Structures are given as structure tokens and as C-alpha cells.
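One structure is given below, encoded as C-alpha cells.
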Amino acid sequence: MITDDLPQLVRRLPATSASWADEADVVIIGAGAAGLMAAIPLLEAGRRVTMITKADPGDGSTAWAQGGLAAVLDRSDSLTEHADDTVTAGAGLCQPGPVEELVTAAPDAIRRLVSLGAQFDRAPDGSYALGLEGGHHRRRIVHAGGDASGAEVARTLVEAVRQRSATLTIHDQSIVTDLLVDSGAVVGVRMINTAGRVGGILAPAVVLATGGIGQAWEDTTNPATATGDGLALALRAGAILRDVEFVQFHPTVLAIPEQHRRPGGRGVLVSEAVRGEGARLVDRDGRPVMAGLHPLGDLAPRDVVASAIHAHLMASGDDHVLLDGTGFGPAVWQEHFPSILALCRDHGVDPISAPIPVRPAEHYACGGVLATLDGQTSLPGLYAVGEVTSTGVQGANRLASNSLTEAVIAGERVGHRLLAGPPHDAPSLPRPPHDPAVPTAATPGVITTDARTDIVAAISRGAGVLRDEHGLALLLKTLGGLEPASGPSGHISPADVEATNLHTVGVLVAAAAAQRQESRGCHRRADFPHPAPNRPHHCLVGLGTDSLHVWATTKESR
């Protein structure tokens with residue numbers, strides 16, 4: 001197996017001299033739903049909170065979320081059904097405990113957002129106007145502005161944080177280069193801003209809320225900030241990562257011609273709610289793409305639909321299929337999907353009168369830093385919430401609209417946990433494959449931004465919707481062939497940090513995908529097209545003292 005002798009591919013950024021220093025009670029890296037929600041209880045209690053974000057608070061994946069938040073709010077629905085749909089979508093790798101915690105806490109999470117000022121869409125009788133999405137057997141998706149749910153959540157949380165900002169320091173337009181570790185515990189961060197100023201912040205607790213990894217692929221729904229920073233930071237510090245091979249590709253993203261794509265751009269997502277209202281996936285001859293492939297048809301879980309579209313494109317030679325919602329009429333598009341309608345029209349497609357050309361694109365990282373639902377990781381002092389984590393909720397494939405729900409719940413829970421007890425409490429999670437007192441293996445040097453295009457192209461080829469051993473081996477070889485620069489201390493730029501982190505993402509996904517010799521959830525292998533016959537297992541990744549380690553553990557192990 002190609003992971004038996006992994007070279008030392010992970011890059012360790014050169015230490016840079018800080019020109020300023022500060023202290024905080026808690027440092028939160030990222031300012032999306034999970035990070036903002038974590039800050040609120042801490043600020044209410046008067047804790048000194050420092051937030052570090054590459055853009056502005058509220059920017060990032062949260063603001064672009066169309067689908068909404070999944071929660072049981074209708075009497076005809078039940079927590080058991082929500083849990084069952086989550087576990088089914090997760091293809092055998094969800095952890096029952098965290099799933100139960102999520103679905104139980106979800107209704108209160110919606111009420112908490114409303115108490116903070118969120119305005120969700122209502123039916124004429126005043127109840128929530130609940131939507132239906134892929135993998136759900138009931139209408140349980142809470143929306144705002146039709147398809148602007150994430151924007152409403154971001155607006156609400158940014159305003160809530162601003163109202164409690166007396167003890168808040170925000171460093172925007174900045175990126176964390178590394179976590180500071182002392183005696184096996186995280187004790188702060190080193191960061192750099194776009195002006196090149198390097199600073200250090202000491203804190204007994206650091207919360208990763210950095211979002212996803214989508215910019216590692218040429219086609220993605222993720223914003224420009226999603227460069228896998230949290231995975232790279234946690235790995236270099238010595239934390240355990242889990243199931244990073246499970247990268248969800250959203251099946252319906254507007255097919256933008258190659259000549260119109262922009263590096264670092266994001267695709268136009270066409271929410272599953274469009275199919276929930278009756279739009280159909282068809283080929284160029286009008287034949288239904290999902291016919292006979294799944295009992296839920298066009299509303300099958302995302303991994304099933306994305307895989308079916310990919311197979312159809314490979315067989316037909318086409319570069320897209322069609323999502324036909326022309327039967328809706330103008331009113332449904334304008335009232336329920338105004339953002340999607342406007343974005344499609346901006347790209348020359350009018351969904352009212354013509355089907356939308358769509359294809360799969362990278363959308364969500366189901367794996368990540370191993371953590372509990374209240375943010376504890378395998379490394380004392382380090383906490384993680386939101387898409388950067390693997391909590392056991394998402395399994396091998398995320399159920400639609402569970403992500404924003406998880407971000408809100410986990411964010412608030414980690415905030416309360418940090419108020420309740422010592423920040424260095426360590427959960428019973430798998431330990432790193434090294435003595436915390438011994439430095440972990442990583443090759444010194446930075447991958448400069450000049451290599452970014454080649455990195456992204458290699459990951460897109462080798463770790464897309466469908467993988468195989470040859471493609472994964474070639475990906476690792478390509479990434480290993482990129483020589484790190486070893487320039488003078490202090491010459492690293494934020495763009496170089498992102499390129500280095502994207503390189504690390506490619507190594508992690510390729511190594512884990514090579515180890516998992518089966519097809520399960522959103523990890524599909526052409527050379528192993530079926531799930532393994534033995535019990536489902538998790539794939540753990542960590543840095544040892546000599547190399548990157550990849551190993552399997554049973555599903556029951558946390």
C-alpha cells in the first residue's frame with residue numbers, strides 16, 4: 001500500500017520573529033457561525049477573547065449557506081427520524097452519541113438564534129416554513145430569505161458579538177501561522193497580517209473554527225478563505241485528525257465554463273431545496289439521471305447523487321447535466337430562491353425559462369480534527385468546532401443542513417465548557433503517535449504561493465469524486481516533488497501560509513484515501529467500488545517523530 005512508507009511530506013513553517021505580543025483568556029481562530037457562537041457566552045462572562053479572521057467577522061462559508069438548519073420543529077417529525085436520516089446518510093460511520101446530542105439540541109439552537117435576533121421564514125400560521133432536502137424524509141429545514149439562511153445566521157451572530165464586545169479584540173485580514181505548544185499543551189498562537197507584521201498571543205485555550213478545505217480543488221462552493229488552515233495547524237501541533245478522506249462533493253453546482261473560472265473563486269451552489277420543491281436532474285436528452293438508482297431519486301443523499309452524475313459524465317463525455325426547475329414558474333423562483341436566481345442570471349442562465357447546467361464540486365469536509373461536540377480535541381488546550389472537526393455527527397457523508405446546526409450547537413457548547421472548567425482537561429480520545437515532549441516530524445520550509453495552482457490541479461485530478469491507487473500515488477508523488485523554500489526568517493507571506501496549508505491538505509486527503517480501500521459515503525474508489533465487508537472503521541492521521549502516520553480504528557473508538 002502506498003501509505004506504508006510515507007515520506008516526510010508535511011511542511012513545518014519557519015519560525016518568524018514576532019514584532020508584538022499579547023495575551024487573552026481564549027483565542028478563537030475563525031469568525032463564522034461556530035467561532036462567533038463560541039465567543040458569545042465567553043464575552044457575556046467578561047472573558048478576554050481574541051478572534052483572528054482572514055476576512056471580516058461573518059464572512060466565510062456561513063454567509064453563503066443556502067439550505068438552512070436542520071431541526072425537528074414539526075409535530076409530524078421526531079428526533080428519532082432526524083437521527084435515522086443522519087446515520088443513513090453517514091454510511092455507517094456516524095457515532096450514535098454525538099448524533100443523538102445534535103438532534104436533541106437542534107430545536108433549542110434555532111430558538112437560541114431567534115432570541116439573538118434571527119428572522120427565519122414563517123408559514124401563514126406563524127410556524128416555521130420548513131423545507132425538504134436530500135436524505136431527509138421529513139420537512140425539517142429552517143430557512144431565512146428563501147435561500148439566504150447562512151447570511152441571516154452570520155448577520156445575527158456578528159451583531160450579537162458586537163453588542164458584547166467590551167472584552168473582545170479582533171484581528172481581521174490575518175492568518176495564524178502556527179499554534180504555540182509547551183509541554184504537550186497548546187498555549188497560544190503565532191499570526192501574521194497582510195502587512196507582514198508577525199505577532200504572538202498567549203492563551204490557555206485556543207479554539208479552531210477555521211471552516212473547510214475547498215480551495216484545494218479547482219471547483220468548489222467554498223469561499224477563498226477555505227484553505228484548510230485548521231487541519232494544518234492542528235496536525236503540526238500534534239493533534240489527531242480523523243476521516244479526512246471523506247470530502248463531500250455537492251452534486252448541483254452551476255457548470256461555469258473553464259475560461260470564466262477564477263483561481264480562488266467559488267462556484268454557484270444550487271441548493272438541494274430546489275430539488276426538494278420538485279426540480280429534476282436530466283441529461284441533455286431529457287432523460288432522468290437518477291431513475292432507478294435510489295428510492296429517494298433526485299433527493300438521495302449527496303454522495304449518491306454526486307457519484308451518479310460523475311458516472312454519467314464519464315460515460316457520456318458531457319461536462320454537465322441539467323437541473324430542470326422550469327415548471328416552478330417565476331413566483332417560486334423569486335420568492336423561495338431569489339439568490340440562486342440572481343447568481344444564475346449573472347452567469348447567463350435563467351432558471352425560470354431554461355434548465356441549469358450543473359456538475360459536482362467540492363463542498364464540505366466531513367472529516368477533520370478529532371473532537372467532541374463540545375470542542376475537546378486530543379491535544380490539551382486546543383478546541384475545535386464546526387467544519388474543521390470530525391465529531392462523529394457527519395460520518396462518511398453529511399446529511400444536508402446538519403452543518404450549520406452543528407456549528408451553532410458546538411460553538412455555544414465550547415464557549416460554556418471553557419467557562420466551566422480548566423482549559424487543559426483532556427478527553428478520552430486517541431493520543432498522538434508520539435511523545436508530546438518530542439517534536440513531531442515535518443520538513444522545514446514553506447511552499448510558496450507560486451506553487452498553488454499546481455497543488456490545486458494535482459489534488460483535483462487525484463482526489464476528486466472518484467479516486468484510485470494510481471491517481472493517489474501520483475498525487476503524493478507530485479506533492480512530494482515540490483521543494484519547500486527556505487528563505488530568511490520573516491519573509492513568509494499570508495499567501496505562502498495558505499499554499500503550504502493547501503499542500504498539507506492534499507497530503508492528508510491522499511494518504512487517508514489510499515488507506516481506505518473501499519467505497520463508502522463520499523469516498524469513492526474505482527479500484528474498490530464496494531464497501532469493505534468487515535466492520536466500518538475510522539481512519540486516523542497524526543504526525544509521529546519520524547513521519548506521517550495513518551492507521552485504522554474501529555467505528556466504536558472515539
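Following the order of the C-alpha cells, chains are lettered A, B, ..., residues in each are numbered from 1, and ligands are numbered from 1.
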Sel. of helix (DSSP H, G or I) residues, segment 96-340 of chain A, as a PyMOL selection string: chain A and resi 96-115+149-162+165-167+214-216+229-237+258-260+272-276+297-299+302-316+330-336+338-340
Can you pull out the residues contacting segment 446-460 of chain A? Cut-off 9 Å, using only C-alpha atoms, and skip same-chain residues under 4 positions away; I want them as a PyMOL selection string. chain A and resi 11-14+215-219+263+464-465+472+474-475+478-479+482-487+492-493+495-503+505-507+509-510
Write out as a list in words each polymer residue whose atoms come within 12 Å of Gln95 of chain A, counting only C-alpha atoms; drop sequence neighbours fewer than 6 positions from it. Ala83, Asp84, Thr86, Val87, Thr88, Glu101, Leu102, Ala371, Thr372, Leu373, Ser390, Thr391, Gly392, Val393, Gln394, Gly395, Ala396, Pro536, His537, His538, Thr554, Lys555, Glu556, Ser557 and Arg558 of chain A
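Checking A:His470, A:His416, A:Arg287, A:Arg242 one by one against Ile40 of chain A, counting only C-alpha atoms, you find the shortest gap at A:His416.
Among the candidates A:Gln119, A:Thr553, A:Asn397, A:Gln173, the residue lying nearest to Ser519 of chain A is A:Asn397 (atoms considered: only C-alpha atoms).
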Enumerate as a count of residues only all residues of segment 37-270 of chain A assigned to strand (DSSP E or B) by DSSP on the backbone, naming them with the chain letters and numbers the document uses. 53
Please provide the set of residues having any atom within 10 Å of Ala105 of chain A, restricted to only C-alpha atoms, with same-chain residues fewer than 5 positions apart removed, written as an MDAnalysis selection string. chainID A and resid 71:72 79 99:100 110 405:406 408:410
Which of A:Ser183, A:Gln248, A:Ser78, A:Thr50 sits closest to Gly214 of chain A [using only C-alpha atoms]: A:Gln248
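For the choices A:Gly317, A:Gly196, A:Pro124, A:Gly381, the atom-to-atom distance to His491 of chain A is smallest for A:Gly196 when using only C-alpha atoms.
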Could you jot down the atom CA of Ile175 of chain A to atom CA of Glu245 of chain A separation for me, Å, one decimal place? 24.9 Å
Set the distance at 12 Å and use only C-alpha atoms: which residues neighbour Gly67 of chain A once local chain neighbours fewer than 4 positions away are removed? I'd like the list as number ranges by chain. A: 62-63, 130-134, 140-153, 269-276, 336-337, 339-340, 399-405
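Distance annotation: of A:Pro494, A:Gly278, A:Pro98, A:Pro295, the residue with the minimal separation from Phe328 of chain A is A:Gly278; atom set is only C-alpha atoms.
Residues in contact range of Glu469 of chain A, defined as at most 9 Å between only C-alpha atoms, with sequence neighbours fewer than 3 positions away removed, read Met1, Ile2, Leu472, Ala473, Leu474, Ala513, Ala514, Gln517, Arg525, Ala526 and Asp527 of chain A.
Of the listed residues (A:Ala300, A:Val349, A:Ala442, A:Val541), A:Ala442 comes nearest to Arg236 of chain A; the distances count only C-alpha atoms.
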Would you kindly return, as a list in words, each protein, DNA or RNA residue with an atom no farther than 8 Å from any atom of His137 of chain A, considering only C-alpha atoms and excluding same-chain residues fewer than 2 positions away? Glu81, Asp85, Leu132, Gly135 and Arg139 of chain A
Requested write-out: N, CA, C and O atoms of the selected residues, as an mmCIF file, in the first residue's frame:
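What landed in result_15.cif:
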data_model
loop_
_atom_site.group_PDB
_atom_site.id
_atom_site.type_symbol
_atom_site.label_atom_id
_atom_site.label_comp_id
_atom_site.auth_asym_id
_atom_site.auth_seq_id
_atom_site.Cartn_x
_atom_site.Cartn_y
_atom_site.Cartn_z
ATOM 1 N N GLU A 81 -36.371 10.154 13.872
ATOM 2 C CA GLU A 81 -36.295 10.196 12.405
ATOM 3 C C GLU A 81 -35.131 11.072 11.941
ATOM 4 O O GLU A 81 -34.457 10.731 10.957
ATOM 5 N N ASP A 85 -32.090 9.583 9.699
ATOM 6 C CA ASP A 85 -31.675 10.154 8.415
ATOM 7 C C ASP A 85 -30.202 10.547 8.438
ATOM 8 O O ASP A 85 -29.477 10.369 7.446
ATOM 9 N N LEU A 132 -37.576 20.782 2.537
ATOM 10 C CA LEU A 132 -37.170 19.380 2.381
ATOM 11 C C LEU A 132 -35.912 19.337 1.536
ATOM 12 O O LEU A 132 -35.839 19.985 0.491
ATOM 13 N N GLY A 135 -31.852 13.364 1.441
ATOM 14 C CA GLY A 135 -31.571 12.492 2.572
ATOM 15 C C GLY A 135 -32.560 12.621 3.708
ATOM 16 O O GLY A 135 -32.586 11.776 4.609
ATOM 17 N N ARG A 139 -39.953 17.326 6.242
ATOM 18 C CA ARG A 139 -39.611 18.744 6.123
ATOM 19 C C ARG A 139 -39.125 19.230 7.481
ATOM 20 O O ARG A 139 -39.918 19.313 8.424
#
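Atom CA of Ala15 of chain A is positioned 27.0 Å from atom CA of Val244 of chain A.
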